Amino acid sequence: MKTYLREPARADVIVVGGGLMGAATAFFLRTHGLSVILLERDLVGQAASGTNFGNVRRQGRYLPQLPLSNRSRDIWGRLPELIGEDAEFLPNGHIRVTTRPEDGERLEQYARDCKPYGLDLTIMTGDQARKMFPMVGPDITTVSYSPHDGHANPRLAAPAFGRAARRAGALVVERCEVTAISKDASDFVVEAANGGRYIAPMLQISGGAWGRWMAKSFGEDVPMAPQAPQMGVTEPLPYRIAPVIGSASSVMEEVVYLRQVKRGNIIFGGGRRGTADLVTKRARLDPMNTLRQMPCLARLVPAVSQLRVIRTWSGVEGYVEDSLPVMGASPTVSGLFYAFGFCGHGFQLGPAVGATMAELIATGSTDIPLDPFRMSRFTQDAATGPAATATRQT
């Protein structure tokens, strides 16, 4: 429903972008007692937050991101008590599999490196894994098992947080396309195509792939480009695949993943990405990518080769040059905060991004390390940070 305001709406914080990051931030800001306006161009959760694969995984992440990921896993497990809905979160585990010795060695090294961050993984041979997960294909030689990860329904998660934010007292405005953002001496002023004006002393940009142009309006740029990760779903078969199964191959085209929902359908994604257009808000599907995905998926789970694909889809996602998001306070503009550019691996992080950003906005600090994600890393005098690794899965 469009909202037309004769007088400017005022709040402590404006959050621009109603994906999972923005909706969760709005909800948690209310738990800190701050008034908040959440602005979404379409419907809450309609863009990348609602079209991704739905992976709720910690393993394989950039190691300094694990404190944020661990916090998010805790929140995923408490969704019913926090927001009254579970978003179909199933903590059925997550396995990453390989067929090459060098990729197996990489999995083993990661399992050692992530222990200090509180993530315990079990490394198995292919034969050991097939005793526990008989659906795994015969070519698999090494498996990394994270028993407490899982998956959820991306079409439910962000809208659930949006409804919870509204119940908690946030003003949630959908069908509200932002046309201009500026700042006067004390306040941010957001103007919308529906004629609305929204004013607050603090503002968070959570515009996903569109976050770059919003940040540029304040003189801060991010090397980020829109791309289109491609997903699909098969016809149903009897439910028997509990964990998410993903490839840990060093060959990009082979990095595919799948999960089965209780209805029996198998949802899959990965491989090459398509092109996306920020102006038309369209992600281009490549039928050839589906054909490339299928043999790679069948290598993970041979039964997939017998199934028909009944639907494919994509969404517009922003990919930062270094594969890490932009998260935290602006280094140059007081009261401005960022949480965008999660490069196709932000769904699991969403609840903790909201909790952490709300904490930072409300109190000025957070215990979650955010330095690797700072906006200032893109300036010429910023120190060069470590390269991100193993963030391909959504």
# chains A, B, ... in the order shown; residues from 1 in each chain; ligands from 1
call {"tool": "residues_around", "arguments": {"residues": "Met21 of chain A", "least_positions_apart": "3", "cutoff": "12 Å", "atoms": "only C-alpha atoms", "output": "ChimeraX atom specification"}}
result
/A:15-18,24-28,38,40,44-45,47-50,72,157-159,161-162,204-208,325-327,338-342,346-358
call {"tool": "write_last_selection", "arguments": {"atoms": "C-alpha atoms", "output": "compact mmCIF listing (two decimals), in the first residue's frame"}}
result
# COMPACT_ATOMS: atom_id res chain seq x y z
CA VAL A 15 16.69 2.63 7.42
CA VAL A 16 16.69 2.66 3.61
CA GLY A 17 16.17 -0.80 2.19
CA GLY A 18 13.74 -3.42 3.42
CA ALA A 24 16.21 -6.89 11.10
CA THR A 25 17.91 -3.60 11.93
CA ALA A 26 14.54 -1.88 12.23
CA PHE A 27 13.29 -4.59 14.57
CA PHE A 28 16.33 -4.54 16.83
CA LEU A 38 12.00 1.56 7.35
CA GLU A 40 11.37 -0.16 0.98
CA VAL A 44 9.90 -6.02 2.28
CA GLY A 45 12.08 -8.98 1.30
CA ALA A 47 14.66 -8.35 -3.82
CA ALA A 48 17.80 -10.42 -3.15
CA SER A 49 16.70 -11.29 0.40
CA GLY A 50 13.71 -13.15 -1.00
CA SER A 72 23.38 -14.92 13.73
CA ALA A 157 12.54 -14.35 6.69
CA ALA A 158 12.68 -10.64 5.79
CA PRO A 159 8.87 -10.18 5.76
CA PHE A 161 11.24 -9.28 10.56
CA GLY A 162 9.34 -6.49 8.83
CA GLN A 204 21.39 3.39 7.63
CA ILE A 205 21.82 2.45 3.99
CA SER A 206 20.81 -1.18 3.43
CA GLY A 207 19.99 -0.92 -0.25
CA GLY A 208 21.66 -4.13 -1.42
CA PRO A 325 30.34 -6.45 2.72
CA VAL A 326 30.28 -2.82 3.71
CA MET A 327 29.15 -2.64 7.33
CA TYR A 338 26.10 1.09 6.10
CA ALA A 339 25.03 -2.54 5.80
CA PHE A 340 25.07 -3.67 2.17
CA GLY A 341 27.13 -5.54 -0.42
CA PHE A 342 26.97 -9.02 1.10
CA GLY A 346 24.42 -12.57 3.50
CA PHE A 347 21.25 -14.53 4.19
CA GLN A 348 22.65 -16.39 7.18
CA LEU A 349 24.17 -13.18 8.52
CA GLY A 350 21.01 -11.09 8.23
CA PRO A 351 19.62 -11.37 11.78
CA ALA A 352 23.00 -10.62 13.37
CA VAL A 353 23.64 -7.75 10.98
CA GLY A 354 20.41 -6.22 12.24
CA ALA A 355 21.24 -6.85 15.89
CA THR A 356 24.81 -5.59 15.53
CA MET A 357 23.95 -2.47 13.55
CA ALA A 358 21.15 -1.60 15.97
call {"tool": "select_by_dssp", "arguments": {"residues": "segment 17-188 of chain A", "states": "strand (DSSP E)", "output": "ChimeraX atom specification"}}
result
/A:36-39,55-56,94-98,122-125,142-146,150-151,171-173,178-183,188
call {"tool": "closest_atom_pairs", "arguments": {"of": "segment 146-233 of chain A", "to": "segment 248-270 of chain A", "cutoff": "6 Å", "atoms": "only C-alpha atoms", "output": "tab-separated table"}}
result
residue	atom	partner	partner_atom	distance
A:Gln230	CA	A:Gly269	CA	5.7
A:Met231	CA	A:Gly269	CA	4.2
A:Gly232	CA	A:Phe268	CA	5.4
A:Val233	CA	A:Ile267	CA	4.4
call {"tool": "residues_around", "arguments": {"residues": "Ile123 of chain A", "least_positions_apart": "6", "cutoff": "7 Å", "atoms": "only C-alpha atoms", "output": "list in words"}}
result
Glu108, Val143, Ser144 and Tyr145 of chain A
call {"tool": "write_last_selection", "arguments": {"atoms": "all heavy atoms", "output": "compact mmCIF listing (two decimals), in the first residue's frame"}}
result
# COMPACT_ATOMS: atom_id res chain seq x y z
N GLU A 108 40.37 -29.38 5.21
CA GLU A 108 40.99 -29.79 6.47
C GLU A 108 41.67 -28.61 7.16
O GLU A 108 41.59 -28.46 8.39
CB GLU A 108 41.99 -30.92 6.21
CG GLU A 108 41.32 -32.21 5.76
CD GLU A 108 42.33 -33.26 5.31
OE1 GLU A 108 43.55 -32.97 5.38
OE2 GLU A 108 41.91 -34.35 4.91
N VAL A 143 34.72 -34.70 3.01
CA VAL A 143 33.50 -34.00 3.42
C VAL A 143 33.77 -33.26 4.73
O VAL A 143 34.38 -33.81 5.65
CB VAL A 143 32.32 -34.98 3.61
CG1 VAL A 143 31.12 -34.28 4.23
CG2 VAL A 143 31.93 -35.61 2.28
N SER A 144 33.31 -32.02 4.79
CA SER A 144 33.35 -31.23 6.02
C SER A 144 31.92 -31.05 6.51
O SER A 144 31.07 -30.53 5.78
CB SER A 144 34.00 -29.87 5.77
OG SER A 144 33.94 -29.07 6.93
N TYR A 145 31.65 -31.45 7.74
CA TYR A 145 30.29 -31.47 8.28
C TYR A 145 30.14 -30.47 9.41
O TYR A 145 30.88 -30.50 10.39
CB TYR A 145 29.98 -32.88 8.76
CG TYR A 145 28.63 -33.07 9.42
CD1 TYR A 145 27.48 -32.49 8.93
CD2 TYR A 145 28.53 -33.86 10.58
CE1 TYR A 145 26.24 -32.68 9.54
CE2 TYR A 145 27.30 -34.07 11.19
CZ TYR A 145 26.17 -33.47 10.68
OH TYR A 145 24.95 -33.66 11.29
call {"tool": "residues_around", "arguments": {"residues": "Ala242 of chain A", "least_positions_apart": "2", "cutoff": "7 Å", "atoms": "only C-alpha atoms", "output": "ChimeraX atom specification"}}
result
/A:92,240,244,260
call {"tool": "write_last_selection", "arguments": {"atoms": "C-alpha atoms", "output": "short mmCIF file (atom, residue, chain, number, x, y, z; two decimals), in the first residue's frame"}}
result
data_model
loop_
_atom_site.label_atom_id
_atom_site.label_comp_id
_atom_site.auth_asym_id
_atom_site.auth_seq_id
_atom_site.Cartn_x
_atom_site.Cartn_y
_atom_site.Cartn_z
CA ASN A 92 19.74 -30.07 9.87
CA ARG A 240 15.62 -37.91 2.51
CA VAL A 244 22.48 -28.65 2.83
CA GLN A 260 15.59 -30.48 0.02
#
call {"tool": "select_by_dssp", "arguments": {"residues": "segment 209-291 of chain A", "states": "alpha helix (DSSP H)", "output": "PDB file with N, CA and C atoms, in the first residue's frame"}}
result
ATOM      1  N   GLY A 211      23.011  -0.012  -2.986  1.00  0.00           N
ATOM      2  CA  GLY A 211      23.677   0.726  -1.923  1.00  0.00           C
ATOM      3  C   GLY A 211      24.791   1.615  -2.427  1.00  0.00           C
ATOM      4  N   ARG A 212      25.411   1.225  -3.529  1.00  0.00           N
ATOM      5  CA  ARG A 212      26.551   1.996  -4.015  1.00  0.00           C
ATOM      6  C   ARG A 212      26.151   3.416  -4.388  1.00  0.00           C
ATOM      7  N   TRP A 213      25.070   3.578  -5.149  1.00  0.00           N
ATOM      8  CA  TRP A 213      24.710   4.931  -5.567  1.00  0.00           C
ATOM      9  C   TRP A 213      24.241   5.765  -4.376  1.00  0.00           C
ATOM     10  N   MET A 214      23.668   5.132  -3.368  1.00  0.00           N
ATOM     11  CA  MET A 214      23.272   5.869  -2.169  1.00  0.00           C
ATOM     12  C   MET A 214      24.505   6.363  -1.423  1.00  0.00           C
ATOM     13  N   ALA A 215      25.514   5.508  -1.300  1.00  0.00           N
ATOM     14  CA  ALA A 215      26.752   5.915  -0.630  1.00  0.00           C
ATOM     15  C   ALA A 215      27.469   7.007  -1.419  1.00  0.00           C
ATOM     16  N   LYS A 216      27.417   6.917  -2.737  1.00  0.00           N
ATOM     17  CA  LYS A 216      28.089   7.923  -3.571  1.00  0.00           C
ATOM     18  C   LYS A 216      27.495   9.307  -3.373  1.00  0.00           C
ATOM     19  N   PRO A 287      19.605 -19.999 -19.551  1.00  0.00           N
ATOM     20  CA  PRO A 287      19.227 -21.410 -19.554  1.00  0.00           C
ATOM     21  C   PRO A 287      20.430 -22.345 -19.623  1.00  0.00           C
ATOM     22  N   MET A 288      21.500 -21.891 -20.262  1.00  0.00           N
ATOM     23  CA  MET A 288      22.682 -22.738 -20.343  1.00  0.00           C
ATOM     24  C   MET A 288      23.307 -22.956 -18.972  1.00  0.00           C
ATOM     25  N   ASN A 289      23.127 -22.002 -18.085  1.00  0.00           N
ATOM     26  CA  ASN A 289      23.686 -22.190 -16.749  1.00  0.00           C
ATOM     27  C   ASN A 289      22.991 -23.341 -16.031  1.00  0.00           C
ATOM     28  N   THR A 290      21.689 -23.479 -16.237  1.00  0.00           N
ATOM     29  CA  THR A 290      20.979 -24.612 -15.636  1.00  0.00           C
ATOM     30  C   THR A 290      21.544 -25.925 -16.165  1.00  0.00           C
ATOM     31  N   LEU A 291      21.810 -25.971 -17.463  1.00  0.00           N
ATOM     32  CA  LEU A 291      22.375 -27.190 -18.055  1.00  0.00           C
ATOM     33  C   LEU A 291      23.773 -27.471 -17.513  1.00  0.00           C
TER      34      LEU A 291
END
call {"tool": "closest_residue", "arguments": {"among": "A:Thr363, A:Asn55, A:Ser305, A:Ser217", "to": "Asp149 of chain A", "atoms": "only C-alpha atoms"}}
result
A:Asn55
call {"tool": "closest_residue", "arguments": {"among": "A:Ser146, A:Phe133, A:Asp322, A:Arg374", "to": "Lys115 of chain A", "atoms": "only C-alpha atoms"}}
result
A:Ser146
